[in-house]
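A short worksheet on the structure shown next.
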Amino acid sequence: MESASPFASGPPRQRPAMVSNPTSVVQTPLIGRSMAPSSSVPLPSPFGSALPGFSRPAATPLASRPPPPGAIPQGPIAGNGPRIPGFTAPRTLPPPSVQPAPPSAASSSIRPPTPYASATQDSGLQSYPGSPPSGASVATLPMPFVGPPASQQFGRPPTSQPLFSGPPRSQPPFAGAQYLQRPMAGSTNSQLPLAGPPTSQSPFLGPPTSQPPFTGPPTSQPPRPNTPQPPFAGLPTPQQFGGPSTQTLTGPPISQFVGPPTSQPYAGRSSSPSQMATPSSQPFSMPPTVGTSFGSPVWPSQPGQMVPSLPGNVQAPPRMFGMPPGMPGQPIPPVLPAMGHSALAGPQVSTQSKIDPNQIPRPLPNSSITIFETRQGNQANVPPSATSIFVVKDNGNCSPRLMRCTLNQIPCTGDLLSTSSMPFALMVQPLALPHPSDDPIPVVDFGESGPVRCSRCKSYINAFMRFIDHGRTFVCNLCGFTNETPRDYLCNLGPDGRRRDADERLELCKGTVEFVATREYMVRDPMPAVFFFLIDVSLNAIQTGATAAACSAISQSLADLPDGPRTMVGIATFDCSIHFYNLRRASQQPLMLIVPDIHDVYTPLHTDVVVPLTECRQSVEQLLESIPSLFENNKVSDSAFGAAIKAGFLALKPTGGKLLVFQSVLPSVGIGSLSSREAEGRTNASAGDKEAHKLLQPADKTLKTMAIEFAEYQVCVDIFITAQTFVDIASISVVPGTTGGQVYYYYPFSALSDPGKLYNDLRWNLSRPQGFEAVMRVRCSQGLQVQEYAGSFCKRIPTDIDLPAIDCEKTIMVTFKHDDKFQENSECAFQCALLYTTVYGERRIRVINLSLPCTSMLTNLFRTADLDTQFACILKQAASSIPVNSLSQVREQITNLCINILHAYRKFCATVSSSGQLILPEALKLLPLYTLALVKSIGLRNDGRFDDRSYWASHVMSLSISLAVPLVYPRMISIHDLTAKENDGSLSSSNIPLSSEHINDDGIYLLENGEDCLIYVGNMVNPDTLQKLFGVTSVDGLPTQLVLQQFDNDLSEKLSDVMNEIRQQRCSYLRLRLCKKGDPSGMHFMSYMIEDKTAGGLSYVEFLVHVHRQIQTKMA
Amino acid sequence: MAEDLAGGAVVSTDPDGPDGVRMTWNAWPRSKVESSKCVVPVAASIAPIRSSPSLVVLPYHPLRCKPPCAAVLNPFARVDYGAKIWICPFCFSRNHFPPHYAGISEHNYPAELYPQCTTIEYAPPPLDAAAPPPPPVFLFVIDTCLIEEELGYVKSAMRRAIGLLPDHALVGLITFGTQVHLHELGFADITKIYVFRGTKEITKEQILDQLGLSSAGVRHGGVAGAPGYPRGPQANALHPSTSVNRFLLPASDCDYTLNALLDELQLDRWPVETSSRALRCTGVALTVAAGLLGACVAGTGARIIALVGGPCTVGPGMIVSKDLSEPVRSHKDLDKDAAPHFHKAVKFYDNLAKQLVNQGHVLDLFASALDQVGVAEMKVAVERTGGLVVLAESFGHPVFKDSFKRIFEDGEQSLGLSFKSGKKWEVTFVFLPLGSGTLEINCSKDIKIQGIIGPCTSLDKKGALCADTIVGQGNTISWKMCGLDRTTCLTVFFDISPSERSGQQGIPNPQLYIQFLTNYQNPEGQMRLRVATIMRKWVDGSNTEELVEGFDQETAAVVLARYVSLKMEMEEEFDATRWLDRSLIRLCSRFGDYRKDDSASFTLHPNFSILPQFMFNLRRSQFVQVFNNSPDETAYFRMLLNRESITNSVVMIQPSLLSYSFNSPPTPALLDVSSIALDRILLLDAYFSIVIFHGTTIAQWRNLGYQNQPEHQAFAQLLQAPQDDAQMIIKERFPVPRLVICDQHGSQARFLLAKLNPSATYNSAHEVVPGSDIIFTDDVSLQVFCEHLQRLAVQS
């Protein structure tokens, strides 16, 4: 092996070329690169040396931000804000009051960026001010747009539209468009304003104008300001700066995000809805017209359409819903044709009722790096978005990477929580990869006595334990018990009431520390790192090349296993019997030991089935090389998967370890054999759909029982499924799901394009930071209690979860419920303790502390809500209910949750406004979009294969927050013009909204969700571009199974860079798939266009309308 | 008396006669009552395929009487040459000669009618002349729960054996310890082993299924050979079914593989806890072996050759738990029913035996261990299948080494695996195809068959000839012998039960006839039918003299020994000594010549004269005094007793003793402690062991090296003579006996002393001849025994 520690940041190693695909070589497998083993040292670089973040210009958050005014792009943080041109005026108000929230959060330092951003945005947004009306008190967030705004919005849209629309249709715009891309787009808009308001103005102006109207209507809106958000970009610029910058920030941030986008979009919608609903009030005739225009869905037709198109959407919805009483007349009939016409004119008019798709909230990528101090001034800071790039300074609270809460302020009572409807959970990712610049996690050794713990609740000493009585006793921050300070831990208190040594003792000043475990924490000696590979050699596996790919991947990955004598490996193969290999044999060949009894398995040897890698590497490699040929003529098509993992388990039983299984077909014989339920399900379709979800439940309990036994002996199972057909992942995934492992799914397996990913997945699986034989418990302050844990683990006693293995990606969700009240100004503490063994055999206790303020204000809850975390929580809950409820129920649950949350906000936090407005909390402004995406995700789609859905569900259960969002709301960028975007820098700033509207026939697009990577090639692509990227000259010449090769040209290199950057970021090699327009693959690609209307789902705009309608209904 | 005896066995030319049949009574009492008064049961010891130089082989099918008799034409049939009719001596049916016997006449009659051809063999042409005979099959089952040294011995023995195997013989290998390893020899790329767990009983079907040999062949995709696939018509040693090729390969094809496997064969690696025995799953290993053979070569001759180094401690057939605190069962435990595993294990092996018999396969057991290995339990499987058994202390001991080698050896002392016939003492294994390895017995009316003791299995073919009482394998007129060699000997017990009618018939037939029909496959693979027809005469019960004349005391002793052994095994609380004593007393009362209540007047006819001594030694032998031995040893001794010839069996009961001294040629000596002298060398042949015993003076001289001095050639010769004689005996015997060379007063001398009549004990020490020896025992001496016998026999 390499001398380097597995995690060392050494140069990314190149992927050994897989036999089958040459290309792979080109692609650097950055993924493999891992972090420092034990988190303690941040060696870091998670992925290849070059961090995207660093490279980017944006580097300093603060600094960078400022520039903003001009540079819209930065927006990332600011996000959407800018978009809305119209509302300048209102801004003014953005009184601090509103911001209050922000402030609190506001550790100024951190926030700064936001503020700025916000500023910019604000400027843009402010136009809305009027709208902001939502009572200041309410929190800025809301803003959403009131009816009026809607109009404005429209207005906006138009404005923006021109831009946008322009691009899409007419190429010229394009260039611009590219930059703009969704997020960008927003920014661009704003830019325009800045640059030359005038120019752009026309559009903008329009909006503004429109605003007035709004204002009018919105009268109610008046409120103000908090809305700094008023998002609409263009206008306000100036203002923004002024006001916003300061205060705001906090506020702004929110507002920014939310505000702008939200407001607009909503507005749009709201407007429309409102129109519908309260036709009388807002909906001016205008809208209708627009609406009509929309009706004509044809975007392509004209550049100008942009705006219209949206409207169109709007209209549609109304009809669908039918609900809006008021609506009737207006929207529909109007001017279909109008659309095309004048963006400007139309827009404004229509505005009211319509939503401008370009203005509705969308995630803005943020490529700049922020520095996040976890606490300041003895206050917890609100962490930045999980998907953004940030550096953590641990000041007492843990890094949000390790643990973050859906709410950054804890509701004092359960009632308050249920009123908000928001989920309340912690996402714990205890071994999460740190950013290279993060504070390292300190290792603290208490020697013989072990770490100091509360004698009642057994929680570990932490920064929030209060020492009193001259340090002689300390009060547990979790249970409130007063403990004697151990004699050798005594220290006087300083004048500030803190121990004098508090800053020297890391456990007293850091949020996360690792204690060296004493013997007391060990049932036995720490286990060695044991890896046992089980390879399917049945007919199908051999013929599809899966066996060869697995052997090759394992062979190459051996080098990435932890070095040293403690690393043991074993190999077995299986078809309808299980073949072990005695790897320690004098003779030239290994010895194959066949266990034929697959109903009651056993290990064939006591020793030598698992051998130290250092001693037997050669024979292991030789064996792996020969396995494919040994079974070349194997005619056995059955697979005894259950028996095989049982046998593997028996081999690992004495030590524990990881069992990595490569499986290609449905387990058909032996213990835990399964039937082809999918086919049966299909034939019984009539009984069908209601029972369909049962196919997502494990077929029986055999595997579950086995898995629990595995977990008991610290055996973790990872399964690599290289299948061509149904393999019943619902049943199989129980095993990894219970043992802390995971499922990898390659369907349909291609010997050409998949070995690369297989290898990289395996390599990362083996080399990523991980721990063994772990036990984890989360403790919380009195007043709360842990309700449930969710993720991949085994739970044998109520309080702890057992993790035979835990790695840097596994995330565990912990939900809580109130059993008491909190005082308004108290803090609620959470402590996660993970006892584990490192790959080097050290026993450690990682203690992660988070202390959050309690609040009895609903507004605070909304203001500090953590969207990404909440969404991850919702996602996981959806995944866990898939097997239990029918799809439509699950979708409804999710939608209702979204509606309830927004309704709660609307009802209790938003300032009085007309019911025609859809108001979104700034922090959660993307919730509807994500909810929509979730409803359309693979797992919840009606047309998904059962295996895909099961895989999705099992994948989601342990998914980290930062990957949860892209999984559901993928990132799309264009790649035909990569070189043109060069100066723009990072790819993340060029995301395109997931709407077919933004797909052009002459473009090539890359869409990735952290798992799959689809490359879509339009049918009019420039042959030159094709040649550059793929080495072919026509679309027809493209291979169906894509293997990316790097050619010697800028574009290809750039693409390669982009791929690597994405891979690093996602810690995944990504499964490449080529999609061609007009092909089934093209349809597949289009199914990711979440904002589109589909057979089974609403478009984004329609969805907003729907949500709005529902809220209105509830309000009424 | 003693001298007669010593000479008798060794000298007589062919005690078994041309038919290989010896009977306890050569004149049969005519009634049931009379026969019971004879005390010694009417029984015959037969060697079904003993080789005989004068044997005539006829190349055609035998002529048989009409059913149900179906007796084969024999010299005792009355033939009417004119009418071309023969009258069956058994059923008196008249049979016409078939057309091809048309030429028959008083001067021209077929060989089967020659008076001297009472035993004759038919070798009808095979149905399919083109089909080569199936090759022999050897499946080795080797224990690996050994110590390194023992494994080394096993390997070298195996290597030698592999080198000696005929090229076309099919060979398979199973090793076992905690688990069973079935080696797939036909897989070239990598060494492939199927592993079966030792703890679980598995059925034949499961084995087949797991090996992919089941008829469905589903699991392994290919179409495996169906079980019992007829292999006759196949090309030499090449099996159509690939599945066979995986596990059983011609020796010539796999000797390299086998040797490589042996080189790498390791001890069982499963950990053995202290205070525990190694886990050894002999039972499962044998099940797997049987299952494999059943799948691959059912119906053709195959041997499972098991090398076992310890007791089965796990799984089916387990005889003792792995806990060392539990000793292996002793006779005492068996007696008290305190052997928890015994009956279960016996049942298991009984089932295994049934399976093997059904398949026509043989289990040979080579057990080498200081402690017991479970021969007592496995006996049933070995004996029923006609397998060989060798019990030794170590795989390095000559008893094992030489015996094992001899199975495969070619040459004079070989057991004839080379299938060359004609050697006088050749012991040839015969592989009996299913359904044809049988013995059938036909006999005159009034005679019923009780059963057979010996290496065979009842085929449960009931008939009118079956007696009500059963001895051994009974209730049938047909038996199966999976493993049969030329020395194999069976003891048939008869019952005399004249029917009412036969008694009334006018002139009773003065002769009785018995016909033994043995169907077997000779070493060349040819099917043979050997027919031995014997004639004896009836004697009226009152005519004691004729009965006495027809008495064969050696056979009687052996039959009694076999009978009593069987009773000891079958009957609880059976007091063998008492039973023997009473039988002997009754016999003496009946056939002795005496005046009532005058013991001094007691004399016995020479035909009975040695019997009391046989009985005396039998009472003291390992067959009756089992408590000196382990159940394993007892089972071993009995198995050999049951399958050896009368001559050999007599030696087991009463060893022979030869004395070597300067003054005389080697002479038989009394089996008495008084035969010991300072200047003599004694050679004791106790069948299982041979002892060369040097008198003190001889030993001293030898230790001084006189034999190396030219002037003491005579001494050297004296020393050498018993050695040579011992080697002669060893060469002829299978299993190879244990050779003990010892000196007077040495510790090993106990092997001799235990066998000697304790005419001088510590009680009589003062009377002892100087230079002789005494035996420390309270046992009665032969003299005392005989005195008592006389007294009791004459009691009224």
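Chain labels run A, B, ... following the order of the structure tokens; each chain numbers its residues from 1, and ligands are numbered from 1 in the order shown.
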Tell me, counting only C-alpha atoms, for each residue of chain B within 10 Å of chain A, which pair of atoms is nearest and how far apart they are in Å to one decimal, in rows ordered by chain and increasing number, as JSON lines.
```
{"residue": "B:Thr178", "atom": "CA", "partner": "A:Pro604", "partner_atom": "CA", "distance": 9.3}
{"residue": "B:Gln179", "atom": "CA", "partner": "A:Pro604", "partner_atom": "CA", "distance": 7.2}
{"residue": "B:Val180", "atom": "CA", "partner": "A:Pro604", "partner_atom": "CA", "distance": 8.9}
{"residue": "B:His181", "atom": "CA", "partner": "A:Leu593", "partner_atom": "CA", "distance": 8.1}
{"residue": "B:Leu182", "atom": "CA", "partner": "A:Ile594", "partner_atom": "CA", "distance": 9.0}
{"residue": "B:His183", "atom": "CA", "partner": "A:Leu593", "partner_atom": "CA", "distance": 9.0}
{"residue": "B:Glu184", "atom": "CA", "partner": "A:Met592", "partner_atom": "CA", "distance": 9.8}
{"residue": "B:Phe187", "atom": "CA", "partner": "A:Leu630", "partner_atom": "CA", "distance": 9.6}
{"residue": "B:Ala188", "atom": "CA", "partner": "A:Leu630", "partner_atom": "CA", "distance": 9.6}
{"residue": "B:Asp189", "atom": "CA", "partner": "A:Leu630", "partner_atom": "CA", "distance": 6.7}
{"residue": "B:Ile190", "atom": "CA", "partner": "A:Gln589", "partner_atom": "CA", "distance": 6.2}
{"residue": "B:Thr191", "atom": "CA", "partner": "A:Leu591", "partner_atom": "CA", "distance": 5.0}
{"residue": "B:Lys192", "atom": "CA", "partner": "A:Met592", "partner_atom": "CA", "distance": 4.5}
{"residue": "B:Ile193", "atom": "CA", "partner": "A:Leu593", "partner_atom": "CA", "distance": 4.6}
{"residue": "B:Tyr194", "atom": "CA", "partner": "A:Ile594", "partner_atom": "CA", "distance": 4.3}
{"residue": "B:Val195", "atom": "CA", "partner": "A:Val595", "partner_atom": "CA", "distance": 5.0}
{"residue": "B:Phe196", "atom": "CA", "partner": "A:Val595", "partner_atom": "CA", "distance": 6.5}
{"residue": "B:Arg197", "atom": "CA", "partner": "A:Tyr602", "partner_atom": "CA", "distance": 6.9}
{"residue": "B:Lys200", "atom": "CA", "partner": "A:Asp600", "partner_atom": "CA", "distance": 9.3}
{"residue": "B:Ile202", "atom": "CA", "partner": "A:Asp597", "partner_atom": "CA", "distance": 9.6}
{"residue": "B:Gln206", "atom": "CA", "partner": "A:Asp597", "partner_atom": "CA", "distance": 8.2}
{"residue": "B:Ile207", "atom": "CA", "partner": "A:Pro596", "partner_atom": "CA", "distance": 8.5}
{"residue": "B:Asp209", "atom": "CA", "partner": "A:Pro596", "partner_atom": "CA", "distance": 8.6}
{"residue": "B:Gln210", "atom": "CA", "partner": "A:Pro596", "partner_atom": "CA", "distance": 5.0}
{"residue": "B:Leu211", "atom": "CA", "partner": "A:Pro596", "partner_atom": "CA", "distance": 6.7}
{"residue": "B:Gly212", "atom": "CA", "partner": "A:Pro596", "partner_atom": "CA", "distance": 9.0}
{"residue": "B:Val218", "atom": "CA", "partner": "A:Val636", "partner_atom": "CA", "distance": 8.6}
{"residue": "B:Arg219", "atom": "CA", "partner": "A:Cys576", "partner_atom": "CA", "distance": 6.6}
{"residue": "B:His220", "atom": "CA", "partner": "A:Val636", "partner_atom": "CA", "distance": 5.1}
{"residue": "B:Gly221", "atom": "CA", "partner": "A:Val636", "partner_atom": "CA", "distance": 5.1}
{"residue": "B:Gly222", "atom": "CA", "partner": "A:Lys635", "partner_atom": "CA", "distance": 7.0}
{"residue": "B:Ala260", "atom": "CA", "partner": "A:Ser587", "partner_atom": "CA", "distance": 9.3}
{"residue": "B:Asp263", "atom": "CA", "partner": "A:Ser587", "partner_atom": "CA", "distance": 9.8}
{"residue": "B:Glu264", "atom": "CA", "partner": "A:Ser587", "partner_atom": "CA", "distance": 7.9}
{"residue": "B:Asp268", "atom": "CA", "partner": "A:Leu605", "partner_atom": "CA", "distance": 8.9}
{"residue": "B:Arg269", "atom": "CA", "partner": "A:His606", "partner_atom": "CA", "distance": 6.4}
{"residue": "B:Trp270", "atom": "CA", "partner": "A:His606", "partner_atom": "CA", "distance": 5.2}
{"residue": "B:Pro271", "atom": "CA", "partner": "A:His606", "partner_atom": "CA", "distance": 7.4}
```
Just the selected residues (N, CA and C atoms), exported as a compact mmCIF listing (two decimals), in the first residue's frame, please.
```txt
# COMPACT_ATOMS: atom_id res chain seq x y z
N THR B 178 -12.99 -31.33 12.06
CA THR B 178 -14.20 -30.69 12.55
C THR B 178 -15.24 -30.63 11.44
N GLN B 179 -14.73 -30.53 10.24
CA GLN B 179 -15.62 -30.51 9.09
C GLN B 179 -15.15 -31.54 8.07
N VAL B 180 -15.99 -31.78 7.11
CA VAL B 180 -15.63 -32.76 6.09
C VAL B 180 -15.18 -32.02 4.83
N HIS B 181 -14.07 -32.40 4.32
CA HIS B 181 -13.58 -31.80 3.08
C HIS B 181 -13.63 -32.84 1.96
N LEU B 182 -14.44 -32.54 0.98
CA LEU B 182 -14.50 -33.43 -0.18
C LEU B 182 -13.71 -32.75 -1.28
N HIS B 183 -12.65 -33.40 -1.71
CA HIS B 183 -11.76 -32.77 -2.68
C HIS B 183 -12.25 -33.02 -4.09
N GLU B 184 -12.36 -31.96 -4.82
CA GLU B 184 -12.75 -32.12 -6.22
C GLU B 184 -11.48 -32.28 -7.02
N PHE B 187 -10.81 -30.64 -11.02
CA PHE B 187 -10.81 -29.21 -11.31
C PHE B 187 -9.37 -28.76 -11.39
N ALA B 188 -8.97 -28.43 -12.57
CA ALA B 188 -7.55 -28.24 -12.78
C ALA B 188 -7.03 -26.90 -12.29
N ASP B 189 -7.87 -25.88 -12.35
CA ASP B 189 -7.34 -24.54 -12.16
C ASP B 189 -6.94 -24.22 -10.73
N ILE B 190 -7.61 -24.85 -9.82
CA ILE B 190 -7.40 -24.46 -8.45
C ILE B 190 -7.82 -25.64 -7.59
N THR B 191 -7.25 -25.71 -6.44
CA THR B 191 -7.66 -26.81 -5.58
C THR B 191 -9.02 -26.48 -5.00
N LYS B 192 -9.92 -27.39 -5.19
CA LYS B 192 -11.30 -27.09 -4.85
C LYS B 192 -11.80 -28.11 -3.84
N ILE B 193 -12.36 -27.62 -2.81
CA ILE B 193 -12.81 -28.52 -1.76
C ILE B 193 -14.24 -28.18 -1.36
N TYR B 194 -15.07 -29.19 -1.28
CA TYR B 194 -16.39 -28.97 -0.74
C TYR B 194 -16.34 -29.23 0.75
N VAL B 195 -16.90 -28.32 1.49
CA VAL B 195 -16.81 -28.43 2.93
C VAL B 195 -18.19 -28.71 3.51
N PHE B 196 -18.28 -29.73 4.31
CA PHE B 196 -19.53 -30.04 4.99
C PHE B 196 -19.31 -29.88 6.48
N ARG B 197 -20.30 -29.38 7.12
CA ARG B 197 -20.15 -29.19 8.54
C ARG B 197 -20.28 -30.51 9.26
N LYS B 200 -23.89 -31.59 11.66
CA LYS B 200 -25.25 -31.77 11.21
C LYS B 200 -25.40 -33.02 10.38
N ILE B 202 -26.76 -35.04 7.54
CA ILE B 202 -27.35 -34.67 6.26
C ILE B 202 -27.75 -35.92 5.51
N GLN B 206 -29.58 -34.45 0.31
CA GLN B 206 -28.98 -33.14 0.52
C GLN B 206 -27.56 -33.10 -0.03
N ILE B 207 -26.85 -34.17 0.21
CA ILE B 207 -25.47 -34.21 -0.28
C ILE B 207 -25.46 -34.07 -1.79
N ASP B 209 -27.67 -32.89 -3.70
CA ASP B 209 -28.12 -31.57 -4.12
C ASP B 209 -26.99 -30.56 -3.94
N GLN B 210 -26.34 -30.66 -2.83
CA GLN B 210 -25.30 -29.67 -2.55
C GLN B 210 -24.08 -29.85 -3.44
N LEU B 211 -23.88 -31.05 -3.89
CA LEU B 211 -22.74 -31.26 -4.77
C LEU B 211 -23.13 -31.06 -6.22
N GLY B 212 -24.40 -30.78 -6.42
CA GLY B 212 -24.84 -30.59 -7.80
C GLY B 212 -24.94 -31.93 -8.51
N VAL B 218 -30.37 -29.36 -11.02
CA VAL B 218 -30.81 -27.99 -11.16
C VAL B 218 -29.78 -27.01 -10.66
N ARG B 219 -29.27 -27.34 -9.50
CA ARG B 219 -28.44 -26.33 -8.86
C ARG B 219 -27.23 -25.96 -9.68
N HIS B 220 -26.70 -26.91 -10.33
CA HIS B 220 -25.46 -26.57 -11.01
C HIS B 220 -25.66 -26.42 -12.50
N GLY B 221 -26.90 -26.29 -12.84
CA GLY B 221 -27.15 -25.94 -14.22
C GLY B 221 -26.98 -27.09 -15.20
N GLY B 222 -25.92 -27.79 -15.09
CA GLY B 222 -25.68 -28.86 -16.04
C GLY B 222 -26.55 -30.05 -15.75
N ALA B 260 -0.14 -34.02 -4.67
CA ALA B 260 -0.03 -32.61 -4.30
C ALA B 260 -0.94 -32.32 -3.10
N ASP B 263 0.58 -33.64 -0.05
CA ASP B 263 1.69 -32.80 0.42
C ASP B 263 1.19 -31.66 1.25
N GLU B 264 0.07 -31.14 0.84
CA GLU B 264 -0.41 -29.94 1.53
C GLU B 264 -1.40 -30.24 2.62
N ASP B 268 -6.17 -30.65 11.08
CA ASP B 268 -7.38 -29.84 11.24
C ASP B 268 -7.02 -28.58 12.01
N ARG B 269 -7.46 -27.44 11.47
CA ARG B 269 -7.01 -26.19 12.07
C ARG B 269 -7.97 -25.63 13.09
N TRP B 270 -9.07 -26.26 13.26
CA TRP B 270 -10.01 -25.71 14.22
C TRP B 270 -9.44 -25.85 15.61
N PRO B 271 -9.64 -24.84 16.38
CA PRO B 271 -9.01 -24.84 17.69
C PRO B 271 -9.62 -25.90 18.59
```
With distances taken over only C-alpha atoms, which residue among B:Asn522, B:Ala298, B:Ile441, B:Gln707 lies nearest Val492 (chain B)? B:Ile441
